[in-house]
Amino acid sequence: MTKIFNLFDFSQKVNYKTEVLAGLTVAMTMIPESLSFAILAGFPPLMGLYASFIAGLVTAIFGGRPGMISGGAGATVIVLIALMNSDGLEYVLAAVALAGVFQILVGVFKLGKFIRLVPHPVMFGFVNGLAIIIFMSQLDQFKTVINGDIAWLSGSPLYIMAGLVALTIAIVVLLPKVTKAVPSSLVAIIVIFILVYFLGIDTKTVEDIASVSGGFPPFHIPEIPINWETLKLIAPYSMIMAAVGLTEGLLTLNLVDEITETKGNGNRECIAQGSSNILNGFFFGMGGCPMIAQTLVNLSAGSRARLAGIIASLTILVIILFGAPIIEQLPMAALVGVMIMVAIGTFEWASFKIINRVPKKDIFLVIVVAAITVILHNLALAVLVGVILSALFFAWESAKRIRARKYIDENGVKHYEIYGPLFFASTTAFIEKFDVANDPDEVIIDFKDCRVSDMSAIEALNVVTQRYHKAGKKSTFKTFKQGLYSTFKKCGSNYRR
């Protein structure tokens, strides 16, 4: 029984009022976003809400990070647009389920720990890029369709929309200075709804995006042929979706860890996310992953436990079943205002303060990762590029640290004492340290303070050995790390001791 209680974190002290109000606020912000992404991908609108209900509930209960919110996120949905256009909805559902299998495997084999390889500048770039995306996506609500063409609002509709958004932001900013008893975002949404409803203000509502009325997510086995050809078709999409979802999820988990000063479980989160996507594939959900914007809404509302995520997902289900007529009347201006404040809170403003205090390469990383995130909307690619660039920068800097102290002892033997890492990037500098033509007949190369790291390093040692051998001189390697001589033999290197 103790394990069960620990699983659901019932031992954690929970502020039920805060958790319930935070969950309601999160649900209000998830609905338009999930609907928008479903429509963008060409899915039935309800697939977005089903995904938010399923992913939100499963990860809130079983995930590795209390306080983190999952739902029908655009980051994973964008991956499936091409499959939807080419092969249809049934293959999309199968791909979502298969992505879930891949994510579970990552968690089972404890590969989530590799998120630690993401450097801090990459995290800054990722978060800043995501904040810009959140903000830019809200600008779409200031557009309308005129005679089949998309155009910016103008005149009274623009002034009304802008005014309501400004009022929402003002409430979100100023209310916490008066009281923190209720989430300011939820109060802002309610106040704007009341103003628009009772004053009869004509402005865009959730209903203008899509209907949110429906039934319980239906069980459905994807109607596709079970064969090798199908697997080859959907597997690439599934792997990319799994990678994008886990990248965004684990980065969000790290961000929540920093904000709450607690530690989440990345592998458990991978398994929970994968399980939710398998269910999505069989219950008409478009798949999902942790949503950083809604997570920040949740945290800013004071939530620190799992209950808020459960409340948010159940609220979405209740709205689908019973509350659609009311929710469809919510002004989009209120939701836009809340999300703009989320974008402002997400952005790492500290990244401007450190420009003159950190290496230029780190500033370059922040800009590149943010740019890729904003331009391509591909979080996984942005992080991957950032990690690769960081590794190359590190290799370049490490290569400069290879040093050699040289001296000739009383017996006329020349000694080379090597310092620093010897690996693929430093091999050229290492080889250039030796003056084979002018060295005496016997040379000792001491590796006491040098770490030989890879095959390129071993080959560099082989090159040095052969050069001395061809010159008719004796070279001796000294103080190797244990096991290096056996590595020489396995690689077939020709060396003399």
# chains A, B, ... in the order shown; residues from 1 in each chain; ligands from 1
$ residues_around --residues "Glu417 of chain A" --least-positions-apart "5" --cutoff "12 Å" --atoms "only C-alpha atoms" --output "ChimeraX atom specification"
/A:402-408,430,433-434,443-450,476-480
$ select_by_dssp --residues "segment 336-496 of chain A" --states "strand (DSSP E or B)" --output "ChimeraX atom specification"
/A:403-408,414-422,442-452,474-478
$ closest_atom_pairs --of "segment 103-191 of chain A" --to "segment 341-347 of chain A" --cutoff "12 Å" --atoms "only C-alpha atoms" --output "Markdown table"
| residue | atom | partner | partner_atom | distance |
| --- | --- | --- | --- | --- |
| A:Met123 | CA | A:Phe347 | CA | 11.1 |
| A:Phe124 | CA | A:Phe347 | CA | 8.4 |
| A:Gly125 | CA | A:Phe347 | CA | 9.3 |
| A:Phe126 | CA | A:Phe347 | CA | 9.6 |
| A:Val127 | CA | A:Phe347 | CA | 6.2 |
| A:Asn128 | CA | A:Phe347 | CA | 4.8 |
| A:Gly129 | CA | A:Phe347 | CA | 8.1 |
| A:Leu130 | CA | A:Thr346 | CA | 7.9 |
| A:Ala131 | CA | A:Ala343 | CA | 4.6 |
| A:Ile132 | CA | A:Ala343 | CA | 6.8 |
| A:Ile133 | CA | A:Ala343 | CA | 8.2 |
| A:Ile134 | CA | A:Ala343 | CA | 5.7 |
| A:Phe135 | CA | A:Ala343 | CA | 5.6 |
| A:Met136 | CA | A:Ala343 | CA | 9.3 |
| A:Ser137 | CA | A:Ala343 | CA | 10.3 |
| A:Gln138 | CA | A:Ala343 | CA | 9.8 |
| A:Val165 | CA | A:Met341 | CA | 10.3 |
| A:Ala166 | CA | A:Met341 | CA | 10.6 |
| A:Leu167 | CA | A:Met341 | CA | 12.0 |
| A:Thr168 | CA | A:Met341 | CA | 9.3 |
| A:Ile169 | CA | A:Met341 | CA | 6.7 |
| A:Ala170 | CA | A:Met341 | CA | 9.9 |
| A:Ile171 | CA | A:Met341 | CA | 10.7 |
| A:Val172 | CA | A:Met341 | CA | 7.7 |
| A:Val173 | CA | A:Met341 | CA | 8.4 |
| A:Ser184 | CA | A:Met341 | CA | 11.0 |
| A:Ser185 | CA | A:Met341 | CA | 9.1 |
| A:Ala188 | CA | A:Met341 | CA | 11.6 |
$ closest_residue --among "A:Val122, A:Ala97, A:Glu19, A:Gly420" --to "Ile363 of chain A" --atoms "only C-alpha atoms"
A:Val122
$ residues_around --residues "Lys17 of chain A" --least-positions-apart "3" --cutoff "12 Å" --atoms "only C-alpha atoms" --output "list in words"
Val14, Val20, Leu21, Ala22, Gly23, Leu24, Lys180, Ala181, Val182, Pro183, Ala301, Gly302, Ser303, Ala305, Leu307, Ala308 and Ile311 of chain A
$ write_last_selection --atoms "N, CA and C atoms" --output "compact mmCIF listing (two decimals), in the first residue's frame"
# COMPACT_ATOMS: atom_id res chain seq x y z
N VAL A 14 -1.13 18.88 0.17
CA VAL A 14 -1.80 19.47 -0.98
C VAL A 14 -2.73 20.60 -0.53
N VAL A 20 -7.35 23.03 -7.28
CA VAL A 20 -8.59 23.02 -8.07
C VAL A 20 -8.68 24.26 -8.94
N LEU A 21 -8.39 25.42 -8.38
CA LEU A 21 -8.46 26.66 -9.16
C LEU A 21 -7.41 26.69 -10.26
N ALA A 22 -6.21 26.18 -9.94
CA ALA A 22 -5.16 26.12 -10.97
C ALA A 22 -5.58 25.18 -12.10
N GLY A 23 -6.18 24.05 -11.75
CA GLY A 23 -6.63 23.11 -12.77
C GLY A 23 -7.68 23.70 -13.68
N LEU A 24 -8.62 24.46 -13.11
CA LEU A 24 -9.65 25.11 -13.93
C LEU A 24 -9.03 26.13 -14.88
N LYS A 180 -3.65 36.84 -3.36
CA LYS A 180 -3.21 35.65 -4.08
C LYS A 180 -4.10 34.46 -3.72
N ALA A 181 -5.29 34.78 -3.21
CA ALA A 181 -6.21 33.72 -2.79
C ALA A 181 -6.71 32.90 -3.97
N VAL A 182 -6.83 33.53 -5.14
CA VAL A 182 -7.28 32.83 -6.35
C VAL A 182 -6.32 33.17 -7.48
N PRO A 183 -6.16 32.25 -8.45
CA PRO A 183 -5.27 32.54 -9.57
C PRO A 183 -5.75 33.75 -10.36
N ALA A 301 -0.14 29.72 -10.94
CA ALA A 301 -1.37 29.71 -10.14
C ALA A 301 -1.15 29.08 -8.77
N GLY A 302 0.06 28.60 -8.52
CA GLY A 302 0.39 28.07 -7.19
C GLY A 302 0.40 26.58 -7.07
N SER A 303 0.11 25.86 -8.14
CA SER A 303 0.06 24.40 -8.07
C SER A 303 1.45 23.80 -7.94
N ALA A 305 1.32 20.10 -6.97
CA ALA A 305 0.98 18.68 -6.83
C ALA A 305 0.33 18.16 -8.11
N LEU A 307 -2.79 17.09 -8.39
CA LEU A 307 -4.24 17.28 -8.45
C LEU A 307 -4.66 18.26 -9.52
N ALA A 308 -3.92 19.35 -9.71
CA ALA A 308 -4.31 20.36 -10.70
C ALA A 308 -4.37 19.76 -12.10
N ILE A 311 -7.52 17.67 -12.31
CA ILE A 311 -8.70 18.55 -12.41
C ILE A 311 -8.81 19.13 -13.80
$ closest_residue --among "A:Ala162, A:Leu392, A:Ile194, A:Met241" --to "Ala73 of chain A" --atoms "only C-alpha atoms"
A:Met241
$ closest_residue --among "A:Lys360, A:Arg401, A:Arg306, A:Lys353" --to "Asn15 of chain A" --atoms "only C-alpha atoms"
A:Arg306
$ decode --residues "segment 62-159 of chain A" --atoms "C-alpha atoms" --output "compact mmCIF listing (two decimals), in the first residue's frame"
# COMPACT_ATOMS: atom_id res chain seq x y z
CA PHE A 62 1.60 8.47 -13.36
CA GLY A 63 4.11 11.02 -14.69
CA GLY A 64 7.45 11.85 -13.18
CA ARG A 65 6.82 15.50 -12.38
CA PRO A 66 4.00 16.85 -10.17
CA GLY A 67 2.85 20.22 -11.46
CA MET A 68 3.65 19.50 -15.11
CA ILE A 69 0.76 19.65 -17.60
CA SER A 70 0.43 17.51 -20.72
CA GLY A 71 -2.03 17.78 -23.57
CA GLY A 72 -2.55 17.97 -27.31
CA ALA A 73 0.58 19.97 -28.12
CA GLY A 74 1.46 21.50 -31.45
CA ALA A 75 5.08 20.36 -31.24
CA THR A 76 4.10 16.72 -31.78
CA VAL A 77 1.08 17.35 -34.02
CA ILE A 78 3.11 19.25 -36.62
CA VAL A 79 5.13 16.08 -37.22
CA LEU A 80 1.98 14.24 -38.33
CA ILE A 81 0.61 16.75 -40.85
CA ALA A 82 2.41 15.18 -43.82
CA LEU A 83 1.18 11.69 -42.87
CA MET A 84 -2.37 12.99 -42.52
CA ASN A 85 -2.26 14.60 -45.96
CA SER A 86 -0.76 11.56 -47.69
CA ASP A 87 -2.35 8.56 -45.97
CA GLY A 88 -5.21 9.72 -43.79
CA LEU A 89 -6.43 9.61 -40.21
CA GLU A 90 -6.17 5.86 -39.60
CA TYR A 91 -2.43 5.87 -40.25
CA VAL A 92 -2.06 8.92 -37.99
CA LEU A 93 -3.71 7.09 -35.09
CA ALA A 94 -1.42 4.09 -35.65
CA ALA A 95 1.63 6.36 -35.74
CA VAL A 96 0.60 8.01 -32.46
CA ALA A 97 0.28 4.61 -30.75
CA LEU A 98 3.65 3.46 -32.12
CA ALA A 99 5.27 6.69 -30.91
CA GLY A 100 3.99 5.80 -27.47
CA VAL A 101 5.72 2.41 -27.68
CA PHE A 102 9.03 4.10 -28.55
CA GLN A 103 8.65 6.50 -25.63
CA ILE A 104 7.98 3.68 -23.19
CA LEU A 105 11.13 1.90 -24.40
CA VAL A 106 13.15 5.07 -23.74
CA GLY A 107 11.83 5.12 -20.19
CA VAL A 108 12.27 1.39 -19.57
CA PHE A 109 15.91 1.51 -20.69
CA LYS A 110 16.44 4.67 -18.61
CA LEU A 111 17.58 6.83 -21.52
CA GLY A 112 15.84 9.94 -20.21
CA LYS A 113 19.02 10.81 -18.31
CA PHE A 114 20.62 11.93 -21.57
CA ILE A 115 18.66 15.16 -21.31
CA ARG A 116 21.44 16.17 -18.89
CA LEU A 117 23.64 16.60 -21.95
CA VAL A 118 21.67 19.71 -22.90
CA PRO A 119 23.83 22.73 -21.93
CA HIS A 120 22.37 25.76 -20.17
CA PRO A 121 22.73 28.11 -23.19
CA VAL A 122 20.69 25.62 -25.24
CA MET A 123 18.03 25.63 -22.52
CA PHE A 124 17.99 29.44 -22.64
CA GLY A 125 17.58 29.39 -26.42
CA PHE A 126 14.87 26.72 -26.25
CA VAL A 127 12.86 28.61 -23.64
CA ASN A 128 13.27 31.99 -25.37
CA GLY A 129 12.27 30.53 -28.73
CA LEU A 130 9.25 28.86 -27.18
CA ALA A 131 8.21 32.12 -25.51
CA ILE A 132 8.37 33.90 -28.87
CA ILE A 133 6.29 31.14 -30.50
CA ILE A 134 3.66 31.40 -27.75
CA PHE A 135 3.49 35.17 -28.21
CA MET A 136 3.41 35.05 -32.02
CA SER A 137 0.67 32.41 -32.04
CA GLN A 138 -1.57 34.78 -30.10
CA LEU A 139 -1.36 37.35 -32.89
CA ASP A 140 -3.44 35.03 -35.08
CA GLN A 141 -6.43 35.94 -32.94
CA PHE A 142 -6.13 39.51 -34.25
CA LYS A 143 -6.92 38.24 -37.75
CA THR A 144 -10.19 37.44 -39.45
CA VAL A 145 -11.41 35.92 -42.70
CA ILE A 146 -12.84 38.37 -45.25
CA ASN A 147 -14.15 36.94 -48.54
CA GLY A 148 -11.99 33.85 -48.08
CA ASP A 149 -8.82 35.84 -47.37
CA ILE A 150 -7.12 36.24 -43.99
CA ALA A 151 -6.76 39.88 -42.94
CA TRP A 152 -5.87 41.79 -39.79
CA LEU A 153 -8.69 43.17 -37.69
CA SER A 154 -9.31 46.87 -38.09
CA GLY A 155 -11.58 49.53 -36.68
CA SER A 156 -13.88 48.67 -33.77
CA PRO A 157 -13.18 44.88 -33.75
CA LEU A 158 -9.45 45.61 -33.38
CA TYR A 159 -9.96 48.20 -30.63
